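target-v2.tsv (TSV, C-alpha atoms)
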```tsv
chain	number	residue	atom	x	y	z
H	1113	MET	CA	326.96	93.02	118.33
H	1114	TYR	CA	326.87	96.71	119.24
H	1115	LEU	CA	328.15	96.02	122.74
H	1116	SER	CA	330.92	93.89	121.25
H	1117	LEU	CA	331.92	96.84	119.05
H	1118	LEU	CA	331.90	99.11	122.10
H	1119	ALA	CA	334.05	96.60	123.99
H	1120	GLY	CA	336.51	96.56	121.09
H	1121	ALA	CA	336.74	100.35	121.03
H	1122	ALA	CA	337.20	100.47	124.82
H	1123	ALA	CA	339.93	97.82	124.71
H	1124	LYS	CA	341.76	99.64	121.91
H	1125	ARG	CA	341.80	102.83	124.00
H	1126	ASP	CA	342.59	100.99	127.25
H	1127	VAL	CA	339.37	102.25	128.84
H	1128	ARG	CA	338.24	100.55	132.07
H	1129	VAL	CA	334.71	100.69	133.47
H	1130	PRO	CA	334.91	99.20	137.00
H	1131	SER	CA	331.35	100.08	138.02
H	1132	ILE	CA	329.56	97.56	135.75
H	1133	ARG	CA	327.58	95.07	137.83
H	1134	ALA	CA	325.87	93.12	135.03
H	1135	VAL	CA	325.83	92.93	131.24
H	1136	ILE	CA	322.52	92.31	129.46
H	1137	LEU	CA	322.71	90.61	126.05
H	1138	THR	CA	319.65	91.56	124.03
H	1139	TYR	CA	318.56	93.09	120.69
H	1140	GLY	CA	319.45	90.11	118.57
H	1141	LYS	CA	321.05	86.70	119.07
H	1142	ALA	CA	324.48	86.98	120.70
H	1143	SER	CA	327.27	84.57	119.85
H	1144	LEU	CA	329.73	83.01	122.26
H	1145	GLN	CA	332.40	85.13	120.55
H	1146	HIS	CA	330.45	88.27	121.43
H	1147	SER	CA	330.14	87.10	125.02
H	1148	ARG	CA	333.84	86.36	125.42
H	1149	ARG	CA	335.04	89.62	123.90
H	1150	ILE	CA	332.57	91.62	126.00
H	1151	ALA	CA	333.66	89.78	129.16
H	1152	GLU	CA	337.32	90.58	128.47
H	1153	THR	CA	336.56	94.30	128.52
H	1154	PHE	CA	333.53	94.43	130.80
H	1155	PRO	CA	334.05	91.61	133.33
H	1156	ALA	CA	330.63	91.19	134.88
H	1157	PRO	CA	327.90	88.51	135.00
H	1158	GLN	CA	326.01	88.28	131.69
H	1159	VAL	CA	322.24	87.96	131.40
H	1160	ASP	CA	320.43	86.76	128.28
H	1161	LEU	CA	317.22	88.73	127.79
H	1162	TYR	CA	314.71	88.07	125.02
H	1163	GLY	CA	311.69	90.25	124.35
H	1164	SER	CA	309.87	92.43	121.87
H	1165	THR	CA	308.60	95.98	121.51
H	1166	GLU	CA	305.02	94.75	121.51
H	1167	ALA	CA	305.15	92.52	124.59
H	1168	GLY	CA	308.19	93.53	126.63
H	1169	TYR	CA	310.47	90.96	128.28
H	1170	LEU	CA	309.51	87.34	127.58
H	1171	PHE	CA	312.49	85.11	128.52
H	1172	VAL	CA	315.42	85.73	130.87
H	1173	GLY	CA	318.34	83.61	132.07
H	1174	GLU	CA	322.08	83.41	132.55
H	1175	ALA	CA	323.86	83.88	129.23
H	1176	PHE	CA	324.80	80.65	127.42
H	1177	ARG	CA	323.52	78.42	130.22
H	1178	ASP	CA	320.42	77.24	128.32
H	1179	ASP	CA	318.35	78.10	131.40
H	1180	LEU	CA	316.01	80.79	130.05
H	1181	ARG	CA	312.71	80.99	131.92
H	1182	VAL	CA	309.45	82.55	130.84
H	1183	ILE	CA	308.43	85.95	132.18
H	1184	ASP	CA	304.65	85.67	132.11
H	1185	ASP	CA	303.86	89.01	133.78
H	1186	ASN	CA	303.85	90.79	130.41
H	1187	ALA	CA	302.29	88.25	128.08
H	1188	PHE	CA	300.81	84.80	127.60
H	1189	ILE	CA	303.35	82.69	125.70
H	1190	GLU	CA	302.41	79.68	123.55
H	1191	LEU	CA	305.10	77.27	122.39
H	1192	VAL	CA	303.92	75.69	119.14
H	1193	PRO	CA	305.74	72.61	117.73
H	1194	TRP	CA	307.71	73.86	114.74
H	1195	ARG	CA	308.15	70.91	112.39
H	1196	ASP	CA	308.49	67.14	112.24
H	1197	GLY	CA	311.92	65.79	113.09
H	1198	ALA	CA	312.72	68.62	115.52
H	1199	PRO	CA	311.44	67.47	118.93
H	1200	GLY	CA	311.45	70.10	121.64
H	1201	VAL	CA	311.78	72.93	119.10
H	1202	HIS	CA	308.96	75.48	119.02
H	1203	GLN	CA	307.66	78.64	117.43
H	1204	ILE	CA	306.78	81.42	119.87
H	1205	HIS	CA	303.26	82.87	119.80
H	1206	VAL	CA	302.62	85.76	122.17
H	1207	THR	CA	299.45	87.41	123.46
H	1208	THR	CA	300.14	90.74	125.17
H	1209	ARG	CA	298.47	91.83	128.38
H	1210	GLY	CA	298.80	94.81	130.63
H	1211	ARG	CA	300.25	96.97	127.85
H	1212	GLU	CA	298.51	100.33	127.45
H	1213	ALA	CA	299.44	100.79	123.80
H	1214	MET	CA	298.73	97.15	122.88
H	1215	PRO	CA	296.35	95.73	125.51
H	1216	LEU	CA	295.50	92.57	123.58
H	1217	LEU	CA	297.58	91.49	120.61
H	1218	ARG	CA	298.35	87.91	119.58
H	1219	TYR	CA	301.19	87.42	117.11
H	1220	HIS	CA	303.87	85.02	115.89
H	1221	THR	CA	307.30	86.40	116.86
H	1222	GLY	CA	309.24	84.64	114.10
H	1223	ASP	CA	311.76	83.28	116.61
H	1224	ILE	CA	312.43	79.65	117.51
H	1225	VAL	CA	313.02	78.29	121.02
H	1226	GLN	CA	314.33	74.90	122.13
H	1227	SER	CA	313.49	73.14	125.38
H	1228	THR	CA	316.48	72.14	127.54
H	1229	PRO	CA	316.75	70.29	130.87
H	1230	ALA	CA	317.35	73.62	132.63
H	1231	GLY	CA	314.80	75.75	130.74
H	1232	PHE	CA	314.97	77.10	127.21
H	1233	ARG	CA	317.44	78.22	124.55
H	1234	ILE	CA	316.59	80.82	121.90
H	1235	LEU	CA	317.83	79.42	118.58
H	1236	GLY	CA	317.22	82.59	116.57
H	1237	ARG	CA	314.98	83.79	113.80
H	1238	GLU	CA	313.14	81.09	111.87
H	1239	ARG	CA	314.55	82.35	108.57
H	1240	ASP	CA	318.11	82.21	109.96
H	1241	LEU	CA	318.09	78.49	110.78
H	1242	HIS	CA	319.56	75.97	108.36
H	1243	PHE	CA	318.79	72.34	107.65
H	1244	ARG	CA	321.49	69.93	106.51
H	1245	ALA	CA	320.87	67.51	103.67
H	1246	ASP	CA	319.82	64.87	106.21
H	1247	GLY	CA	317.19	67.21	107.67
H	1248	SER	CA	319.01	67.99	110.92
H	1249	LEU	CA	318.98	71.54	112.26
H	1250	VAL	CA	321.90	74.00	112.42
H	1251	SER	CA	321.69	77.17	114.53
H	1252	ALA	CA	324.14	79.86	115.61
H	1253	SER	CA	324.81	77.85	118.78
H	1254	ASP	CA	326.16	75.04	116.62
H	1255	ILE	CA	328.53	77.45	114.88
H	1256	ASP	CA	329.82	78.60	118.28
H	1257	GLY	CA	330.46	75.00	119.22
H	1258	ALA	CA	332.21	74.13	115.97
H	1259	LEU	CA	334.67	77.04	115.83
H	1260	PRO	CA	338.19	76.14	117.00
H	1261	GLU	CA	338.94	77.07	120.62
H	1262	SER	CA	341.80	79.27	119.41
H	1263	PHE	CA	339.48	81.31	117.19
H	1264	SER	CA	338.77	84.86	118.38
H	1265	CYS	CA	336.70	87.62	116.79
H	1266	TRP	CA	334.43	90.55	117.59
H	1267	HIS	CA	331.67	89.44	115.25
H	1268	TYR	CA	330.96	86.89	112.51
H	1269	CYS	CA	328.38	85.89	109.93
H	1270	LEU	CA	328.15	82.54	108.14
H	1271	SER	CA	326.33	83.18	104.87
H	1272	GLN	CA	325.22	80.64	102.27
H	1273	SER	CA	326.14	81.66	98.72
H	1274	GLY	CA	325.22	78.45	96.88
H	1275	GLU	CA	323.72	75.02	97.38
H	1276	SER	CA	326.95	73.68	98.88
H	1277	ARG	CA	328.99	76.85	99.38
H	1278	TRP	CA	329.17	79.16	102.39
H	1279	ASP	CA	331.19	82.28	103.21
H	1280	PHE	CA	332.34	82.93	106.77
H	1281	HIS	CA	332.96	86.64	107.37
H	1282	TYR	CA	334.48	87.79	110.65
H	1283	VAL	CA	335.79	90.97	112.27
H	1284	ALA	CA	338.94	90.50	114.35
H	1285	ASN	CA	342.15	92.21	115.42
H	1286	ARG	CA	344.22	89.70	113.45
H	1287	THR	CA	343.71	87.10	110.73
H	1288	GLN	CA	342.73	83.73	112.15
H	1289	ASP	CA	343.69	80.23	110.96
H	1290	HIS	CA	341.39	80.03	107.93
H	1291	ALA	CA	342.15	76.39	107.16
H	1292	ALA	CA	341.09	75.32	110.66
H	1293	VAL	CA	337.96	77.46	110.60
H	1294	GLU	CA	336.92	76.29	107.13
H	1295	SER	CA	337.48	72.65	108.01
H	1296	ALA	CA	335.48	72.93	111.25
H	1297	LEU	CA	332.52	74.66	109.65
H	1298	SER	CA	332.49	72.40	106.59
H	1299	GLY	CA	332.35	69.43	108.95
H	1300	LEU	CA	329.43	71.02	110.79
H	1301	LEU	CA	327.41	71.70	107.63
H	1302	GLY	CA	327.80	68.24	106.13
H	1303	PRO	CA	329.52	66.23	103.38
H	1304	GLY	CA	330.36	68.08	100.19
H	1305	VAL	CA	329.97	71.55	101.73
H	1306	ARG	CA	332.72	74.12	101.12
H	1307	VAL	CA	333.33	77.09	103.41
H	1308	ASN	CA	335.58	80.08	102.63
H	1309	ALA	CA	336.69	82.36	105.47
H	1310	PHE	CA	337.24	86.11	105.06
H	1311	ARG	CA	338.46	88.64	107.59
H	1312	ARG	CA	336.56	91.93	107.26
H	1313	LYS	CA	336.90	95.42	108.72
H	1314	SER	CA	333.15	95.46	109.33
H	1315	ILE	CA	329.94	93.57	108.61
H	1316	ALA	CA	326.87	95.59	107.69
H	1317	PRO	CA	323.61	95.04	109.58
H	1318	ALA	CA	320.20	94.50	108.01
H	1319	ALA	CA	317.93	97.48	107.36
H	1320	SER	CA	316.43	96.93	110.83
H	1321	GLY	CA	319.83	97.55	112.42
H	1322	LYS	CA	320.13	93.94	113.58
H	1323	PHE	CA	322.76	91.38	112.64
H	1324	ALA	CA	322.38	87.73	111.64
H	1325	LEU	CA	325.00	85.19	112.67
H	1326	LEU	CA	323.68	82.59	110.23
H	1327	LYS	CA	322.23	83.45	106.82
H	1328	PRO	CA	321.08	80.45	104.78
H	1329	LEU	CA	319.52	80.82	101.36
H	1330	ALA	CA	315.77	81.41	101.46
H	1331	ARG	CA	313.82	78.15	101.57
H	1332	ALA	CA	311.13	77.52	99.00
```

Please express what this file holds, its structure, as structure tokens.
Amino acid sequence: MYLSLLAGAAAKRDVRVPSIRAVILTYGKASLQHSRRIAETFPAPQVDLYGSTEAGYLFVGEAFRDDLRVIDDNAFIELVPWRDGAPGVHQIHVTTRGREAMPLLRYHTGDIVQSTPAGFRILGRERDLHFRADGSLVSASDIDGALPESFSCWHYCLSQSGESRWDFHYVANRTQDHAAVESALSGLLGPGVRVNAFRRKSIAPAASGKFALLKPLARA
């Protein structure tokens, strides 16, 4: 999100940075919209990097290729089946090693990973994943896939405000086709779900400084 904001500011001022050789997407789950806007301003190969302060880098791969691979030099990673009805979807448990400040620490990261034919895909924080009425899973990747191809923004957040109501906030240079966006996202979330789209000047981060692309109501 922060790099997307920087890309927006650079584009507005017609700033060019020709020396960039690679862009690393980290510090929170990036959306395909982030990736595209960043690529327009900083045209360079993008790398998806997942890690933590406690353990260092844990997964790395080409951005949005679902080919993340484990970096086991820093930690021992356990993939624990998350829940019934979600095959190939796992919690991440990490045991650090070779870290002077934290030589041996086993903890649950709170993030969810999905196995793919090419490697892995990080779905996001456990609390930020949503389940439809039929029990099927919705992640930020599904939102990316559902948005109309003509849609363009610097950042977005789909937030649940009621049992069957969601608000889609986005930051963009111009107002998008709200009817198309609302229809696409309502179709993604299931029958009887209503989505309202709002263009915003900004979207505030959480207290941690990170942003959530998907914010369902807390599950009991």

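Distances here use only C-alpha atoms; by that measure, the residue among H:Leu1329, H:Leu1144, H:Val1283, H:His1205 closest to Ala1258 of chain H is H:Leu1144.
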
List the neighbours of segment 1147-1154 of chain H out to 9 Å using all atoms listed in the file; skip same-chain residues closer than 3 positions along the sequence, and give me the result as a PyMOL selection string. chain H and resi 1115-1120+1122-1123+1127-1130+1132+1134-1135+1137+1142-1144+1157-1158+1175-1176+1264-1266

From the list H:His1267, H:Lys1124, H:Arg1286, H:Arg1277, the nearest residue to Ser1298 of chain H using all atoms listed in the file is H:Arg1277

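One distance worth recording is that between atom CA of Gln1145 of chain H and atom CA of Pro1229 of chain H, which is 23.9 Å.
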
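Among the candidates H:Arg1125, H:His1290, H:Arg1244, H:Arg1306, the residue lying nearest to Trp1278 of chain H is H:Arg1306 (atoms considered: only C-alpha atoms).
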